[in-house]
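Student: Shown below is the structure under consideration.
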Amino acid sequence: MRATRARAAFPHAHVPPRRAFRPSAAAVGAAGRGAMFAELNELLNASPQRPEQGKFTLLRDTRTDGSFLVHHFLSFYLRAGCKVCFVALLQSFSHYNIVAQKLGVSLTAAKERGQLVFLEGLASCLDMLFGEEEEEQAGQPRPLRFISESTSDLRALFDFVRTSLAPAAGDAWPGRVLLLDDLGVLLSLGASPVAVLDFIHYCRVAVCSRLQGNVVVLAHGGEDSEDEENELVVTSLCHHSDLILWAEGLATGFCKDVHGQLKIIRRASLQPGGERDVLQTYQYKIQDKNVTFFARGLSAAVL
């Protein structure tokens, strides 16, 4: 039934035969050292030593929390030496930093060396709603100022992203990345779906096309969602993404040995001369410092 839904959303997707996924010895060793999710890197054929360029990746979740994907890509691109602009609308800096340290990355150190530009959405919202005008008068950017304005114009947020990732003299970063968690918060704060889609479009042009960098966005949504505006945004982004990672909760409910399943959708049809999209599905289990993946029905607890 679930495979049928996936094919309905992507009618030209090719579903390869199911096979067991066995992580390499290098992936097992990396997981033991508290590195990023090495098994996920293997599934995506990705490496910090050779990150792809010019890609738009959509992270979405349904009936589960897909934030582990955000933590993975944050640690991945920092390890790759890329300059990262992280628009964090869902959690505080300390939360992301604690998780990053478990994955072997220090966000504090990354900020100090200028590799990470972190926008803490929670604090910015409070400043806009209850703060004074001192920041704006002092020339400090206010990326979320649309909250206090009559229009849902996200131009200030885009200007913040563009300025944060703009090349500078003596800049040696091998790549540039925009990471956003979570897109639905912009809708909750009053931005219209059109404004959000325009913002993402301009970010794709500025980061993916002009800078040959990458954009990674988390958005909630699924077949059973009643939020029509959010569904409109997510559906539109699906058709413009190079890669979609879709985390879903189990239809059977909670299981201590299997926490959910991850659909990996490679949008081959977007490439010139591309063929059908490729859909792969794995189940996963989240651990303290790692996430393990396996083919459906092949969990170690079951076997």
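Each chain in the structure tokens gets a letter, A, B and so on, in the order shown; residues start at 1 in every chain, and ligands are counted from 1 in the order they appear.
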So that I can check the secondary structure, give me every residue of region 39-238 of chain A assigned strand (DSSP E or B) by backbone DSSP, as a VMD selection string.

Tutor: chain A and resid 56 to 62 83 to 88 116 to 120 176 to 181 214 to 220

Student: If we count only C-alpha atoms, what is near region 114-129 of chain A at a cut-off of 10 Å, once residues fewer than 4 positions away on the same chain are taken out, given as a PyMOL selection string?

Tutor: chain A and resi 74+78+81-93+107-110+133+135+142-148+157+160-161+164-165+173+176-181+185-186+189

Student: Provide the CA of Phe56 (chain A) to CA of Ala172 (chain A) distance in Å, to one decimal place.

Tutor: 22.5 Å

Student: Do you know which residues are at most 12 Å from Gly66 (chain A) counting only C-alpha atoms, after dropping those on the same chain fewer than 6 positions away, and could you put them as a ChimeraX atom specification?

Tutor: /A:58-60,72-73,181-182,217-221,245-249,259-263,284,286,291

Student: Find the spatial neighbours of Ser75 (chain A), counting only C-alpha atoms, within a cut-off of 7 Å - ignore same-chain residues fewer than 2 positions away - and output them as a ChimeraX atom specification.

Tutor: /A:36,71-73,77-79,100,103,105

Student: For those residues, write all heavy atoms to a file as a PDB file, in the first residue's frame.

Tutor:
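File written: again-v6.pdb
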ATOM      1  N   MET A  36      29.534  11.238  11.836  1.00  0.00           N
ATOM      2  CA  MET A  36      28.204  11.401  11.277  1.00  0.00           C
ATOM      3  C   MET A  36      27.636  10.030  10.907  1.00  0.00           C
ATOM      4  O   MET A  36      28.285   9.007  11.083  1.00  0.00           O
ATOM      5  CB  MET A  36      28.263  12.313  10.067  1.00  0.00           C
ATOM      6  CG  MET A  36      28.942  11.671   8.882  1.00  0.00           C
ATOM      7  SD  MET A  36      29.491  12.849   7.687  1.00  0.00           S
ATOM      8  CE  MET A  36      31.126  13.170   8.298  1.00  0.00           C
ATOM      9  N   HIS A  71      20.628  16.968  11.510  1.00  0.00           N
ATOM     10  CA  HIS A  71      21.892  16.835  12.237  1.00  0.00           C
ATOM     11  C   HIS A  71      22.951  16.152  11.376  1.00  0.00           C
ATOM     12  O   HIS A  71      24.133  16.508  11.426  1.00  0.00           O
ATOM     13  CB  HIS A  71      21.672  16.042  13.525  1.00  0.00           C
ATOM     14  CG  HIS A  71      20.733  16.706  14.487  1.00  0.00           C
ATOM     15  ND1 HIS A  71      20.985  17.949  15.025  1.00  0.00           N
ATOM     16  CD2 HIS A  71      19.540  16.310  15.003  1.00  0.00           C
ATOM     17  CE1 HIS A  71      19.989  18.291  15.835  1.00  0.00           C
ATOM     18  NE2 HIS A  71      19.101  17.311  15.828  1.00  0.00           N
ATOM     19  N   HIS A  72      22.524  15.187  10.584  1.00  0.00           N
ATOM     20  CA  HIS A  72      23.481  14.501   9.715  1.00  0.00           C
ATOM     21  C   HIS A  72      24.083  15.463   8.702  1.00  0.00           C
ATOM     22  O   HIS A  72      25.320  15.528   8.544  1.00  0.00           O
ATOM     23  CB  HIS A  72      22.800  13.347   8.973  1.00  0.00           C
ATOM     24  CG  HIS A  72      23.617  12.813   7.837  1.00  0.00           C
ATOM     25  ND1 HIS A  72      24.707  11.989   8.021  1.00  0.00           N
ATOM     26  CD2 HIS A  72      23.532  13.020   6.490  1.00  0.00           C
ATOM     27  CE1 HIS A  72      25.250  11.697   6.858  1.00  0.00           C
ATOM     28  NE2 HIS A  72      24.551  12.309   5.911  1.00  0.00           N
ATOM     29  N   PHE A  73      23.241  16.210   7.983  1.00  0.00           N
ATOM     30  CA  PHE A  73      23.753  17.086   6.933  1.00  0.00           C
ATOM     31  C   PHE A  73      24.554  18.247   7.521  1.00  0.00           C
ATOM     32  O   PHE A  73      25.516  18.720   6.895  1.00  0.00           O
ATOM     33  CB  PHE A  73      22.613  17.598   6.062  1.00  0.00           C
ATOM     34  CG  PHE A  73      22.164  16.599   5.034  1.00  0.00           C
ATOM     35  CD1 PHE A  73      21.038  15.822   5.253  1.00  0.00           C
ATOM     36  CD2 PHE A  73      22.882  16.423   3.866  1.00  0.00           C
ATOM     37  CE1 PHE A  73      20.623  14.890   4.309  1.00  0.00           C
ATOM     38  CE2 PHE A  73      22.477  15.494   2.916  1.00  0.00           C
ATOM     39  CZ  PHE A  73      21.355  14.720   3.133  1.00  0.00           C
ATOM     40  N   TYR A  77      28.429  18.586   6.177  1.00  0.00           N
ATOM     41  CA  TYR A  77      28.992  19.712   5.430  1.00  0.00           C
ATOM     42  C   TYR A  77      30.057  20.456   6.232  1.00  0.00           C
ATOM     43  O   TYR A  77      30.991  21.012   5.640  1.00  0.00           O
ATOM     44  CB  TYR A  77      27.875  20.653   4.992  1.00  0.00           C
ATOM     45  CG  TYR A  77      27.091  20.120   3.817  1.00  0.00           C
ATOM     46  CD1 TYR A  77      25.739  19.806   3.931  1.00  0.00           C
ATOM     47  CD2 TYR A  77      27.711  19.919   2.591  1.00  0.00           C
ATOM     48  CE1 TYR A  77      25.024  19.311   2.851  1.00  0.00           C
ATOM     49  CE2 TYR A  77      27.004  19.416   1.501  1.00  0.00           C
ATOM     50  CZ  TYR A  77      25.662  19.111   1.643  1.00  0.00           C
ATOM     51  OH  TYR A  77      24.971  18.611   0.565  1.00  0.00           O
ATOM     52  N   LEU A  78      29.947  20.469   7.557  1.00  0.00           N
ATOM     53  CA  LEU A  78      31.010  21.081   8.353  1.00  0.00           C
ATOM     54  C   LEU A  78      32.284  20.250   8.251  1.00  0.00           C
ATOM     55  O   LEU A  78      33.393  20.797   8.146  1.00  0.00           O
ATOM     56  CB  LEU A  78      30.570  21.228   9.810  1.00  0.00           C
ATOM     57  CG  LEU A  78      29.499  22.288  10.073  1.00  0.00           C
ATOM     58  CD1 LEU A  78      29.101  22.299  11.529  1.00  0.00           C
ATOM     59  CD2 LEU A  78      29.976  23.682   9.640  1.00  0.00           C
ATOM     60  N   ARG A  79      32.155  18.930   8.259  1.00  0.00           N
ATOM     61  CA  ARG A  79      33.320  18.069   8.084  1.00  0.00           C
ATOM     62  C   ARG A  79      33.901  18.207   6.681  1.00  0.00           C
ATOM     63  O   ARG A  79      35.106  18.033   6.482  1.00  0.00           O
ATOM     64  CB  ARG A  79      32.944  16.613   8.347  1.00  0.00           C
ATOM     65  CG  ARG A  79      32.825  16.255   9.822  1.00  0.00           C
ATOM     66  CD  ARG A  79      32.461  14.794   9.992  1.00  0.00           C
ATOM     67  NE  ARG A  79      32.476  14.409  11.385  1.00  0.00           N
ATOM     68  CZ  ARG A  79      33.552  13.985  12.040  1.00  0.00           C
ATOM     69  NH1 ARG A  79      34.690  13.884  11.400  1.00  0.00           N
ATOM     70  NH2 ARG A  79      33.479  13.652  13.319  1.00  0.00           N
ATOM     71  N   ALA A 100      25.488  17.835  17.781  1.00  0.00           N
ATOM     72  CA  ALA A 100      26.660  17.864  16.895  1.00  0.00           C
ATOM     73  C   ALA A 100      27.896  17.322  17.600  1.00  0.00           C
ATOM     74  O   ALA A 100      28.720  16.630  16.968  1.00  0.00           O
ATOM     75  CB  ALA A 100      26.903  19.291  16.407  1.00  0.00           C
ATOM     76  N   LEU A 103      28.220  13.782  17.366  1.00  0.00           N
ATOM     77  CA  LEU A 103      28.622  13.365  16.023  1.00  0.00           C
ATOM     78  C   LEU A 103      30.041  13.817  15.693  1.00  0.00           C
ATOM     79  O   LEU A 103      30.482  13.711  14.549  1.00  0.00           O
ATOM     80  CB  LEU A 103      27.644  13.919  14.984  1.00  0.00           C
ATOM     81  CG  LEU A 103      26.181  13.499  15.154  1.00  0.00           C
ATOM     82  CD1 LEU A 103      25.320  14.106  14.057  1.00  0.00           C
ATOM     83  CD2 LEU A 103      26.036  11.985  15.157  1.00  0.00           C
ATOM     84  N   VAL A 105      31.419  16.985  16.031  1.00  0.00           N
ATOM     85  CA  VAL A 105      31.554  18.329  15.462  1.00  0.00           C
ATOM     86  C   VAL A 105      31.196  19.360  16.528  1.00  0.00           C
ATOM     87  O   VAL A 105      30.230  19.185  17.264  1.00  0.00           O
ATOM     88  CB  VAL A 105      30.645  18.507  14.232  1.00  0.00           C
ATOM     89  CG1 VAL A 105      30.689  19.940  13.730  1.00  0.00           C
ATOM     90  CG2 VAL A 105      31.053  17.549  13.117  1.00  0.00           C
TER      91      VAL A 105
END

Student: Can you work out the spacing between CA of Asn290 (chain A) and CA of Val99 (chain A) in Å, to one decimal?

Tutor: 10.8 Å

Student: Run DSSP on the backbone of this structure and report the residues of region 111-263 of chain A it assigns to helix (DSSP H, G or I), as a PyMOL selection string.

Tutor: chain A and resi 111-112+121-130+134-137+145-148+155-165+183-188+193-210+228-238

Student: Would you save the residues of that selection, restricted to C-alpha atoms, as a PDB file, in the first residue's frame?

Tutor:
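Wrote out-v8.pdb, looks like this:
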ATOM      1  CA  LYS A 111      31.196  29.749  14.433  1.00  0.00           C
ATOM      2  CA  GLU A 112      34.451  31.100  15.838  1.00  0.00           C
ATOM      3  CA  GLY A 121      14.994  31.710  14.967  1.00  0.00           C
ATOM      4  CA  LEU A 122      13.583  31.374  18.474  1.00  0.00           C
ATOM      5  CA  ALA A 123      15.639  34.276  19.799  1.00  0.00           C
ATOM      6  CA  SER A 124      15.008  36.369  16.678  1.00  0.00           C
ATOM      7  CA  CYS A 125      11.247  35.917  17.007  1.00  0.00           C
ATOM      8  CA  LEU A 126      11.329  37.049  20.634  1.00  0.00           C
ATOM      9  CA  ASP A 127      13.413  40.084  19.715  1.00  0.00           C
ATOM     10  CA  MET A 128      10.963  41.018  16.977  1.00  0.00           C
ATOM     11  CA  LEU A 129       7.899  40.613  19.178  1.00  0.00           C
ATOM     12  CA  PHE A 130       9.156  41.969  22.501  1.00  0.00           C
ATOM     13  CA  GLU A 134      18.099  49.115  18.977  1.00  0.00           C
ATOM     14  CA  GLU A 135      19.341  46.286  16.748  1.00  0.00           C
ATOM     15  CA  GLU A 136      17.932  47.799  13.566  1.00  0.00           C
ATOM     16  CA  GLN A 137      19.130  51.270  14.497  1.00  0.00           C
ATOM     17  CA  ARG A 145      11.211  41.260  10.508  1.00  0.00           C
ATOM     18  CA  PHE A 146       8.246  40.131   8.355  1.00  0.00           C
ATOM     19  CA  ILE A 147       6.668  38.981  11.643  1.00  0.00           C
ATOM     20  CA  SER A 148       5.981  42.578  12.662  1.00  0.00           C
ATOM     21  CA  ARG A 155      13.348  39.501   1.337  1.00  0.00           C
ATOM     22  CA  ALA A 156      15.210  40.307   4.567  1.00  0.00           C
ATOM     23  CA  LEU A 157      15.721  36.601   5.255  1.00  0.00           C
ATOM     24  CA  PHE A 158      17.019  36.052   1.730  1.00  0.00           C
ATOM     25  CA  ASP A 159      19.384  39.009   2.061  1.00  0.00           C
ATOM     26  CA  PHE A 160      20.714  37.453   5.278  1.00  0.00           C
ATOM     27  CA  VAL A 161      21.367  34.141   3.498  1.00  0.00           C
ATOM     28  CA  ARG A 162      22.969  35.804   0.477  1.00  0.00           C
ATOM     29  CA  THR A 163      25.233  37.998   2.603  1.00  0.00           C
ATOM     30  CA  SER A 164      26.220  35.102   4.869  1.00  0.00           C
ATOM     31  CA  LEU A 165      27.357  32.928   1.953  1.00  0.00           C
ATOM     32  CA  LEU A 183      10.302  25.428   6.599  1.00  0.00           C
ATOM     33  CA  GLY A 184       6.835  25.044   8.114  1.00  0.00           C
ATOM     34  CA  VAL A 185       7.754  27.481  10.893  1.00  0.00           C
ATOM     35  CA  LEU A 186       7.799  30.315   8.346  1.00  0.00           C
ATOM     36  CA  LEU A 187       4.185  29.494   7.491  1.00  0.00           C
ATOM     37  CA  SER A 188       3.277  29.386  11.176  1.00  0.00           C
ATOM     38  CA  PRO A 193       2.964  29.813   0.715  1.00  0.00           C
ATOM     39  CA  VAL A 194       3.816  32.010  -2.286  1.00  0.00           C
ATOM     40  CA  ALA A 195       6.324  34.007  -0.222  1.00  0.00           C
ATOM     41  CA  VAL A 196       7.950  30.812   1.084  1.00  0.00           C
ATOM     42  CA  LEU A 197       8.215  29.288  -2.396  1.00  0.00           C
ATOM     43  CA  ASP A 198       9.631  32.548  -3.774  1.00  0.00           C
ATOM     44  CA  PHE A 199      12.204  32.580  -0.975  1.00  0.00           C
ATOM     45  CA  ILE A 200      13.294  29.012  -1.743  1.00  0.00           C
ATOM     46  CA  HIS A 201      13.428  29.785  -5.468  1.00  0.00           C
ATOM     47  CA  TYR A 202      15.753  32.744  -4.954  1.00  0.00           C
ATOM     48  CA  CYS A 203      17.901  30.704  -2.549  1.00  0.00           C
ATOM     49  CA  ARG A 204      18.230  27.954  -5.154  1.00  0.00           C
ATOM     50  CA  VAL A 205      19.293  30.470  -7.791  1.00  0.00           C
ATOM     51  CA  ALA A 206      21.745  32.270  -5.488  1.00  0.00           C
ATOM     52  CA  VAL A 207      23.268  29.222  -3.774  1.00  0.00           C
ATOM     53  CA  CYS A 208      22.843  26.255  -6.134  1.00  0.00           C
ATOM     54  CA  SER A 209      23.199  28.019  -9.490  1.00  0.00           C
ATOM     55  CA  ARG A 210      25.456  31.016  -8.915  1.00  0.00           C
ATOM     56  CA  GLU A 228      -3.285  22.707   3.102  1.00  0.00           C
ATOM     57  CA  GLU A 229      -0.748  25.536   2.921  1.00  0.00           C
ATOM     58  CA  ASN A 230       2.065  23.313   4.164  1.00  0.00           C
ATOM     59  CA  GLU A 231       1.065  20.556   1.749  1.00  0.00           C
ATOM     60  CA  LEU A 232       1.097  23.028  -1.128  1.00  0.00           C
ATOM     61  CA  VAL A 233       4.655  24.077  -0.276  1.00  0.00           C
ATOM     62  CA  VAL A 234       5.926  20.526   0.260  1.00  0.00           C
ATOM     63  CA  THR A 235       4.339  19.206  -2.942  1.00  0.00           C
ATOM     64  CA  SER A 236       5.815  22.043  -4.968  1.00  0.00           C
ATOM     65  CA  LEU A 237       9.287  21.514  -3.496  1.00  0.00           C
ATOM     66  CA  CYS A 238       9.115  17.795  -4.277  1.00  0.00           C
TER      67      CYS A 238
END

Student: Can you list, as an MDAnalysis selection string, every protein, DNA or RNA residue that comes within 10 Å of Pro51 (chain A) when you count only C-alpha atoms, leaving out same-chain residues fewer than 5 positions away?

Tutor: chainID A and resid 45:46 76:77 80:82 174:175 213:214

Student: Save the residues we just selected, N, CA and C atoms, as a short mmCIF file (atom, residue, chain, number, x, y, z; two decimals), in the first residue's frame?

Tutor:
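Output file selection-v2.cif is given in full below:
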data_model
loop_
_atom_site.label_atom_id
_atom_site.label_comp_id
_atom_site.auth_asym_id
_atom_site.auth_seq_id
_atom_site.Cartn_x
_atom_site.Cartn_y
_atom_site.Cartn_z
N ASN A 45 25.72 7.41 -1.39
CA ASN A 45 26.98 7.45 -2.14
C ASN A 45 27.63 8.82 -1.99
N ALA A 46 27.69 9.28 -0.74
CA ALA A 46 28.23 10.61 -0.44
C ALA A 46 29.44 10.50 0.47
N PHE A 76 27.86 16.72 8.29
CA PHE A 76 28.48 16.31 7.02
C PHE A 76 29.15 17.48 6.33
N TYR A 77 28.43 18.59 6.18
CA TYR A 77 28.99 19.71 5.43
C TYR A 77 30.06 20.46 6.23
N ALA A 80 33.05 18.51 5.71
CA ALA A 80 33.53 18.67 4.34
C ALA A 80 34.27 20.00 4.14
N GLY A 81 34.25 20.86 5.16
CA GLY A 81 34.93 22.14 5.07
C GLY A 81 34.12 23.22 4.39
N CYS A 82 32.82 22.99 4.19
CA CYS A 82 31.96 23.97 3.52
C CYS A 82 31.56 25.08 4.50
N PRO A 174 35.60 25.37 0.36
CA PRO A 174 35.40 24.63 -0.90
C PRO A 174 33.96 24.60 -1.39
N GLY A 175 33.02 24.94 -0.55
CA GLY A 175 31.62 24.93 -0.96
C GLY A 175 30.78 25.74 0.02
N GLY A 213 26.63 25.86 -4.79
CA GLY A 213 26.55 25.28 -3.46
C GLY A 213 25.34 24.37 -3.35
N ASN A 214 24.93 24.08 -2.13
CA ASN A 214 23.82 23.17 -1.89
C ASN A 214 22.81 23.79 -0.92
#

Student: Between CA of Ser106 (chain A) and CA of Val215 (chain A), what is the distance, to one decimal in Å?

Tutor: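 Spanning CA of Ser106 (chain A) to CA of Val215 (chain A) is a straight-line distance of 21.1 Å.
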